[in-house]
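Encoded as structure tokens, the structure appears first; notes follow it.
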Amino acid sequence: MELKKYIKTIFKPAAVKRAKAMKKAKHARSQAKELAEKNQIKNLEKSLGYSFKDSSILREALTHPVSVGFEKKVKSNQRLEFLGDAVLQSVITDTVYRKFEDVDEGKLTKIRIALTQGTFLAEISKSLGIPQCLIVPKGAEEIRQSASASEDAFEAVIGAIYLDSNFERAKKVVLSWYKRRLDDLPDLVQSQNPKGALQEWAAKNGWKITYALISQSGPDHKKVFEIEVSINDSPVARASASSKKSAETKAARLALATLENKNSDKLQSEKKTTSTISRKK
């Protein structure tokens with residue numbers, strides 16, 4: 001035993017005991033954390049419908065870029081995100097092409113965009129429990145609530161599944177996540193691209209759609225824009241967001257909802273009128 005350690009053992013037994021207890025507690029916490037992470041990964045794999053042969057690939061897919069630098073020899077999920085995006089585009093393009101034989105290129109493109117659009121991917125990611133498993137530094141847990149982080153991790157996980165297996169297996173897993181959503185494409189396409197849907201509605205009826213900036217407020221790093229959408233110069237809806245584009249999208253979605261409600265009320269009124277006439281006859 002070294003002289004310093006020997007002296008500490010003789011003259012400071014309480015300090016030595018405390019040090020041993022602290023070391024033991026730290027080891028126990030480390031084991032508990034490792035076990036919790038393993039259980040979390042198992043639950044995620046169950047949700048994904050895929051078990052990884054190489055768990056390190058999944059860990060990389062779940063490592064947010066902000067973690068790089070906080071831990072040694074850590075890779076972020078950015079490369080896997082790049083790969084997963086390409087795999088997802090191929091899977092969805094192949095699927096919609098085969099599923100909708102009589103649909104032209106323009107509509108196929110809209111369907112693909114709807115199924116690979118950021119907010120939609122973030123929704124699926126959250127439903128699978130991917131964001132909760134994101135690896136981030138202590139104190140940066142709010143990143144798990146970010147839509148962009150959820151989307152990026154979703155694509156990275158697809159890339160990881162592809163590397164851990166092959167394209168056909170990745171395709172099968174991805175389509176299992178999309179199954180119910182593929183059955184409701186008309187509503188999905190409209191919800192993911194409300195401005196396009198509103199424009200199509202307007203074109204059919206000969207209407208003119210315009211967007212106007214009503215106001216903007218807040219500091220430069222946190223601006224809020226209020227946009228108003230009008231049909232034939234008559235205001236229909238207003239919405240606010242952190243960018244003009246997002247505000248326009250929200251306003252278009254509200255305008256569509258307003259038009260659909262009016263159309264529904266009109267149909268109900270026509271049915272009542274027809275029913276009344278029939279009874280009189």
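How things are named: the first chain in the structure tokens is A, the next is B, and so on; residues count from 1 in each chain; ligands count from 1 in the order shown.
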
**Request:** Tell me, as JSON, numbers by chain, which residues lie within 12 Å of Glu105 (chain A), counting only C-alpha atoms; anything in the same chain fewer than 6 positions away does not count.
**Result:** {"A": [93, 96, 97, 111, 112]}

Go ahead and write the residues just picked, all heavy atoms, as a PDB file, in the first residue's frame.
```
ATOM      1  N   THR A  93     -41.854   6.529 -52.695  1.00  0.00           N
ATOM      2  CA  THR A  93     -42.015   6.698 -54.144  1.00  0.00           C
ATOM      3  C   THR A  93     -42.456   5.389 -54.791  1.00  0.00           C
ATOM      4  O   THR A  93     -43.401   5.357 -55.587  1.00  0.00           O
ATOM      5  CB  THR A  93     -40.687   7.159 -54.791  1.00  0.00           C
ATOM      6  OG1 THR A  93     -40.309   8.415 -54.228  1.00  0.00           O
ATOM      7  CG2 THR A  93     -40.850   7.319 -56.296  1.00  0.00           C
ATOM      8  N   VAL A  96     -46.274   4.532 -53.570  1.00  0.00           N
ATOM      9  CA  VAL A  96     -47.374   5.312 -54.151  1.00  0.00           C
ATOM     10  C   VAL A  96     -47.469   5.064 -55.663  1.00  0.00           C
ATOM     11  O   VAL A  96     -48.571   5.088 -56.235  1.00  0.00           O
ATOM     12  CB  VAL A  96     -47.231   6.829 -53.856  1.00  0.00           C
ATOM     13  CG1 VAL A  96     -47.277   7.080 -52.361  1.00  0.00           C
ATOM     14  CG2 VAL A  96     -45.962   7.411 -54.452  1.00  0.00           C
ATOM     15  N   TYR A  97     -46.343   4.810 -56.300  1.00  0.00           N
ATOM     16  CA  TYR A  97     -46.359   4.517 -57.743  1.00  0.00           C
ATOM     17  C   TYR A  97     -47.143   3.229 -58.014  1.00  0.00           C
ATOM     18  O   TYR A  97     -47.945   3.150 -58.947  1.00  0.00           O
ATOM     19  CB  TYR A  97     -44.931   4.375 -58.264  1.00  0.00           C
ATOM     20  CG  TYR A  97     -44.858   4.073 -59.744  1.00  0.00           C
ATOM     21  CD1 TYR A  97     -44.948   5.093 -60.695  1.00  0.00           C
ATOM     22  CD2 TYR A  97     -44.718   2.762 -60.200  1.00  0.00           C
ATOM     23  CE1 TYR A  97     -44.893   4.820 -62.058  1.00  0.00           C
ATOM     24  CE2 TYR A  97     -44.662   2.473 -61.553  1.00  0.00           C
ATOM     25  CZ  TYR A  97     -44.752   3.503 -62.475  1.00  0.00           C
ATOM     26  OH  TYR A  97     -44.705   3.223 -63.819  1.00  0.00           O
ATOM     27  N   ILE A 111     -48.682  13.432 -53.169  1.00  0.00           N
ATOM     28  CA  ILE A 111     -48.844  12.364 -52.184  1.00  0.00           C
ATOM     29  C   ILE A 111     -47.506  12.072 -51.498  1.00  0.00           C
ATOM     30  O   ILE A 111     -47.436  11.931 -50.279  1.00  0.00           O
ATOM     31  CB  ILE A 111     -49.387  11.088 -52.856  1.00  0.00           C
ATOM     32  CG1 ILE A 111     -50.816  11.316 -53.352  1.00  0.00           C
ATOM     33  CG2 ILE A 111     -49.357   9.910 -51.882  1.00  0.00           C
ATOM     34  CD1 ILE A 111     -51.358  10.198 -54.213  1.00  0.00           C
ATOM     35  N   ARG A 112     -46.446  11.997 -52.299  1.00  0.00           N
ATOM     36  CA  ARG A 112     -45.123  11.718 -51.727  1.00  0.00           C
ATOM     37  C   ARG A 112     -44.694  12.828 -50.771  1.00  0.00           C
ATOM     38  O   ARG A 112     -44.155  12.554 -49.687  1.00  0.00           O
ATOM     39  CB  ARG A 112     -44.083  11.560 -52.839  1.00  0.00           C
ATOM     40  CG  ARG A 112     -42.683  11.217 -52.294  1.00  0.00           C
ATOM     41  CD  ARG A 112     -41.685  11.022 -53.410  1.00  0.00           C
ATOM     42  NE  ARG A 112     -41.519  12.239 -54.194  1.00  0.00           N
ATOM     43  CZ  ARG A 112     -40.827  12.294 -55.323  1.00  0.00           C
ATOM     44  NH1 ARG A 112     -40.260  11.198 -55.808  1.00  0.00           N
ATOM     45  NH2 ARG A 112     -40.697  13.434 -55.981  1.00  0.00           N
TER      46      ARG A 112
END
```

**Request:** May I ask for the distance between CA of Lys222 (chain A) and CA of Gly139 (chain A), given in Å to one decimal place?
**Result:**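 Taking CA of Lys222 (chain A) as the start and CA of Gly139 (chain A) as the end point, the length is 22.1 Å.
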
**Message:** Which residues are near Ile231 (chain A)? Cut-off 8 Å, only C-alpha atoms, ignore same chain within fewer than 4 positions. Put them as a list in words.
**Reply:** Trp207, Lys208, Ile209, Thr210, Pro235 and Val236 of chain A

**Message:** Residues near Ser67 (chain A), anyone? I mean within 9 Å using only C-alpha atoms, not counting same-chain ones fewer than 3 positions away, as an MDAnalysis selection string.
**Reply:** chainID A and resid 63:64 70:71 74:76 135:137

Keeping only C-alpha atoms, write the selected residues as a PDB file, in the first residue's frame.
```pdb
ATOM      1  CA  THR A  63     -27.638  10.572 -30.611  1.00  0.00           C
ATOM      2  CA  HIS A  64     -28.522  14.217 -31.181  1.00  0.00           C
ATOM      3  CA  PHE A  70     -19.943  16.077 -24.228  1.00  0.00           C
ATOM      4  CA  GLU A  71     -18.951  12.413 -24.536  1.00  0.00           C
ATOM      5  CA  VAL A  74     -19.612   9.794 -29.886  1.00  0.00           C
ATOM      6  CA  LYS A  75     -21.123   9.972 -33.376  1.00  0.00           C
ATOM      7  CA  SER A  76     -24.231  12.044 -34.010  1.00  0.00           C
ATOM      8  CA  ILE A 135     -29.565  10.870 -26.345  1.00  0.00           C
ATOM      9  CA  VAL A 136     -28.904  14.460 -25.269  1.00  0.00           C
ATOM     10  CA  PRO A 137     -26.629  16.076 -22.652  1.00  0.00           C
TER      11      PRO A 137
END
```

**Message:** Which of region 150-254 of chain A end up as strand (DSSP E or B) when DSSP is run on this backbone - answer as number ranges by chain?
**Reply:** A: 209-217, 224-231, 234-241

Go ahead and write the residues just picked, N, CA and C atoms, as a JSON list (two decimals), in the first residue's frame.
```json
[["chain", "number", "residue", "atom", "x", "y", "z"],
["A", 209, "ILE", "N", -57.27, 33.88, -54.41],
["A", 209, "ILE", "CA", -56.75, 33.75, -53.05],
["A", 209, "ILE", "C", -55.60, 34.73, -52.84],
["A", 210, "THR", "N", -55.65, 35.50, -51.76],
["A", 210, "THR", "CA", -54.55, 36.42, -51.44],
["A", 210, "THR", "C", -54.19, 36.30, -49.96],
["A", 211, "TYR", "N", -52.90, 36.52, -49.68],
["A", 211, "TYR", "CA", -52.40, 36.49, -48.31],
["A", 211, "TYR", "C", -51.83, 37.88, -47.99],
["A", 212, "ALA", "N", -52.16, 38.40, -46.83],
["A", 212, "ALA", "CA", -51.68, 39.73, -46.45],
["A", 212, "ALA", "C", -51.08, 39.71, -45.05],
["A", 213, "LEU", "N", -49.95, 40.40, -44.89],
["A", 213, "LEU", "CA", -49.32, 40.52, -43.59],
["A", 213, "LEU", "C", -50.05, 41.60, -42.80],
["A", 214, "ILE", "N", -50.68, 41.20, -41.72],
["A", 214, "ILE", "CA", -51.46, 42.14, -40.90],
["A", 214, "ILE", "C", -50.57, 42.84, -39.88],
["A", 215, "SER", "N", -49.68, 42.05, -39.24],
["A", 215, "SER", "CA", -48.79, 42.64, -38.24],
["A", 215, "SER", "C", -47.61, 41.73, -37.98],
["A", 216, "GLN", "N", -46.57, 42.32, -37.39],
["A", 216, "GLN", "CA", -45.43, 41.54, -36.92],
["A", 216, "GLN", "C", -44.95, 42.17, -35.63],
["A", 217, "SER", "N", -44.59, 41.32, -34.68],
["A", 217, "SER", "CA", -44.20, 41.82, -33.37],
["A", 217, "SER", "C", -43.08, 40.96, -32.79],
["A", 224, "VAL", "N", -43.11, 37.36, -34.43],
["A", 224, "VAL", "CA", -44.42, 36.73, -34.61],
["A", 224, "VAL", "C", -45.14, 37.46, -35.75],
["A", 225, "PHE", "N", -45.53, 36.71, -36.76],
["A", 225, "PHE", "CA", -46.19, 37.29, -37.94],
["A", 225, "PHE", "C", -47.66, 36.88, -37.97],
["A", 226, "GLU", "N", -48.53, 37.86, -38.21],
["A", 226, "GLU", "CA", -49.96, 37.59, -38.34],
["A", 226, "GLU", "C", -50.36, 37.75, -39.81],
["A", 227, "ILE", "N", -50.93, 36.69, -40.37],
["A", 227, "ILE", "CA", -51.32, 36.68, -41.78],
["A", 227, "ILE", "C", -52.82, 36.50, -41.93],
["A", 228, "GLU", "N", -53.38, 37.23, -42.89],
["A", 228, "GLU", "CA", -54.81, 37.09, -43.18],
["A", 228, "GLU", "C", -54.97, 36.57, -44.61],
["A", 229, "VAL", "N", -55.81, 35.55, -44.78],
["A", 229, "VAL", "CA", -56.09, 35.01, -46.11],
["A", 229, "VAL", "C", -57.48, 35.46, -46.53],
["A", 230, "SER", "N", -57.57, 35.91, -47.78],
["A", 230, "SER", "CA", -58.85, 36.40, -48.31],
["A", 230, "SER", "C", -59.22, 35.65, -49.59],
["A", 231, "ILE", "N", -60.52, 35.51, -49.80],
["A", 231, "ILE", "CA", -61.05, 34.93, -51.03],
["A", 231, "ILE", "C", -61.86, 36.01, -51.74],
["A", 234, "SER", "N", -62.30, 39.12, -49.78],
["A", 234, "SER", "CA", -63.07, 39.04, -48.52],
["A", 234, "SER", "C", -62.29, 38.20, -47.51],
["A", 235, "PRO", "N", -61.92, 38.78, -46.36],
["A", 235, "PRO", "CA", -61.15, 38.04, -45.34],
["A", 235, "PRO", "C", -61.88, 36.78, -44.88],
["A", 236, "VAL", "N", -61.14, 35.67, -44.78],
["A", 236, "VAL", "CA", -61.73, 34.40, -44.36],
["A", 236, "VAL", "C", -61.13, 33.89, -43.06],
["A", 237, "ALA", "N", -59.79, 34.05, -42.91],
["A", 237, "ALA", "CA", -59.15, 33.54, -41.69],
["A", 237, "ALA", "C", -57.84, 34.27, -41.42],
["A", 238, "ARG", "N", -57.44, 34.26, -40.14],
["A", 238, "ARG", "CA", -56.16, 34.84, -39.72],
["A", 238, "ARG", "C", -55.40, 33.82, -38.86],
["A", 239, "ALA", "N", -54.07, 33.92, -38.92],
["A", 239, "ALA", "CA", -53.25, 33.03, -38.09],
["A", 239, "ALA", "C", -51.89, 33.68, -37.83],
["A", 240, "SER", "N", -51.27, 33.28, -36.72],
["A", 240, "SER", "CA", -49.96, 33.82, -36.35],
["A", 240, "SER", "C", -48.96, 32.70, -36.19],
["A", 241, "ALA", "N", -47.69, 32.99, -36.52],
["A", 241, "ALA", "CA", -46.61, 32.01, -36.38],
["A", 241, "ALA", "C", -45.27, 32.74, -36.38]]
```

**Asked** So which bits of region 157-251 of chain A end up alpha helix (DSSP H) when you DSSP the backbone, as a ChimeraX atom specification?
**Response** /A:157-164,167-182,185-192,194-205,244-251

**Item:** Atomic separation - CA of Leu128 (chain A) relative to CA of Leu182 (chain A), Å
**Value:**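 One can read the CA of Leu182 (chain A) to CA of Leu128 (chain A) distance as 16.8 Å.
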
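CA of Gln132 (chain A) lies 16.6 Å from CA of Ile158 (chain A).
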
**Item:** Residue with smallest distance to Leu48 (chain A) - pool A:Lys99, A:Asp104, A:Val157, A:Ser150, counting only C-alpha atoms
**Value:**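 Closest residue, counting only C-alpha atoms: A:Val157.
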
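Among the candidate residues A:Ile92, A:Leu175, A:Leu121, A:Leu259, the one lying nearest to Leu108 (chain A) is A:Ile92, with distances computed using only C-alpha atoms.
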
Neighbours of Leu198 (chain A) within 10 Å (only C-alpha atoms; same-chain residues fewer than 4 positions away dropped), as an mmCIF file with N, CA and C atoms, in the first residue's frame?
```cif
data_model
loop_
_atom_site.group_PDB
_atom_site.id
_atom_site.type_symbol
_atom_site.label_atom_id
_atom_site.label_comp_id
_atom_site.auth_asym_id
_atom_site.auth_seq_id
_atom_site.Cartn_x
_atom_site.Cartn_y
_atom_site.Cartn_z
ATOM 1 N N GLN A 190 -54.288 17.034 -48.055
ATOM 2 C CA GLN A 190 -54.832 18.370 -47.787
ATOM 3 C C GLN A 190 -54.268 18.953 -46.502
ATOM 4 N N ASN A 193 -50.588 20.008 -46.989
ATOM 5 C CA ASN A 193 -50.368 21.115 -47.919
ATOM 6 C C ASN A 193 -51.650 21.940 -48.058
ATOM 7 N N PRO A 194 -52.069 22.591 -46.987
ATOM 8 C CA PRO A 194 -53.328 23.338 -47.010
ATOM 9 C C PRO A 194 -53.354 24.474 -48.028
ATOM 10 N N ALA A 202 -60.006 26.975 -54.906
ATOM 11 C CA ALA A 202 -60.257 28.286 -55.512
ATOM 12 C C ALA A 202 -60.308 28.190 -57.033
ATOM 13 N N ALA A 203 -59.398 27.408 -57.609
ATOM 14 C CA ALA A 203 -59.348 27.256 -59.075
ATOM 15 C C ALA A 203 -60.638 26.640 -59.617
ATOM 16 N N ILE A 209 -57.274 33.876 -54.415
ATOM 17 C CA ILE A 209 -56.754 33.751 -53.049
ATOM 18 C C ILE A 209 -55.598 34.728 -52.844
ATOM 19 N N ILE A 231 -60.520 35.512 -49.798
ATOM 20 C CA ILE A 231 -61.045 34.928 -51.030
ATOM 21 C C ILE A 231 -61.858 36.006 -51.736
ATOM 22 N N ALA A 252 -54.352 29.171 -44.162
ATOM 23 C CA ALA A 252 -54.975 28.376 -45.227
ATOM 24 C C ALA A 252 -55.739 27.192 -44.639
ATOM 25 N N ARG A 253 -55.164 26.572 -43.610
ATOM 26 C CA ARG A 253 -55.837 25.434 -42.966
ATOM 27 C C ARG A 253 -57.148 25.880 -42.316
ATOM 28 N N ALA A 255 -58.909 28.499 -43.220
ATOM 29 C CA ALA A 255 -59.820 28.866 -44.314
ATOM 30 C C ALA A 255 -60.495 27.633 -44.881
ATOM 31 N N LEU A 256 -59.734 26.552 -45.053
ATOM 32 C CA LEU A 256 -60.304 25.293 -45.557
ATOM 33 C C LEU A 256 -61.376 24.755 -44.616
ATOM 34 N N LEU A 259 -64.476 26.826 -45.052
ATOM 35 C CA LEU A 259 -65.169 26.488 -46.294
ATOM 36 C C LEU A 259 -65.868 25.138 -46.201
#
```

**Asked** With only C-alpha atoms as the basis for distance, which of A:Glu81, A:Ala153, A:Pro65, A:Ser246 is at the shortest distance from Ala140 (chain A)?
**Response** A:Pro65
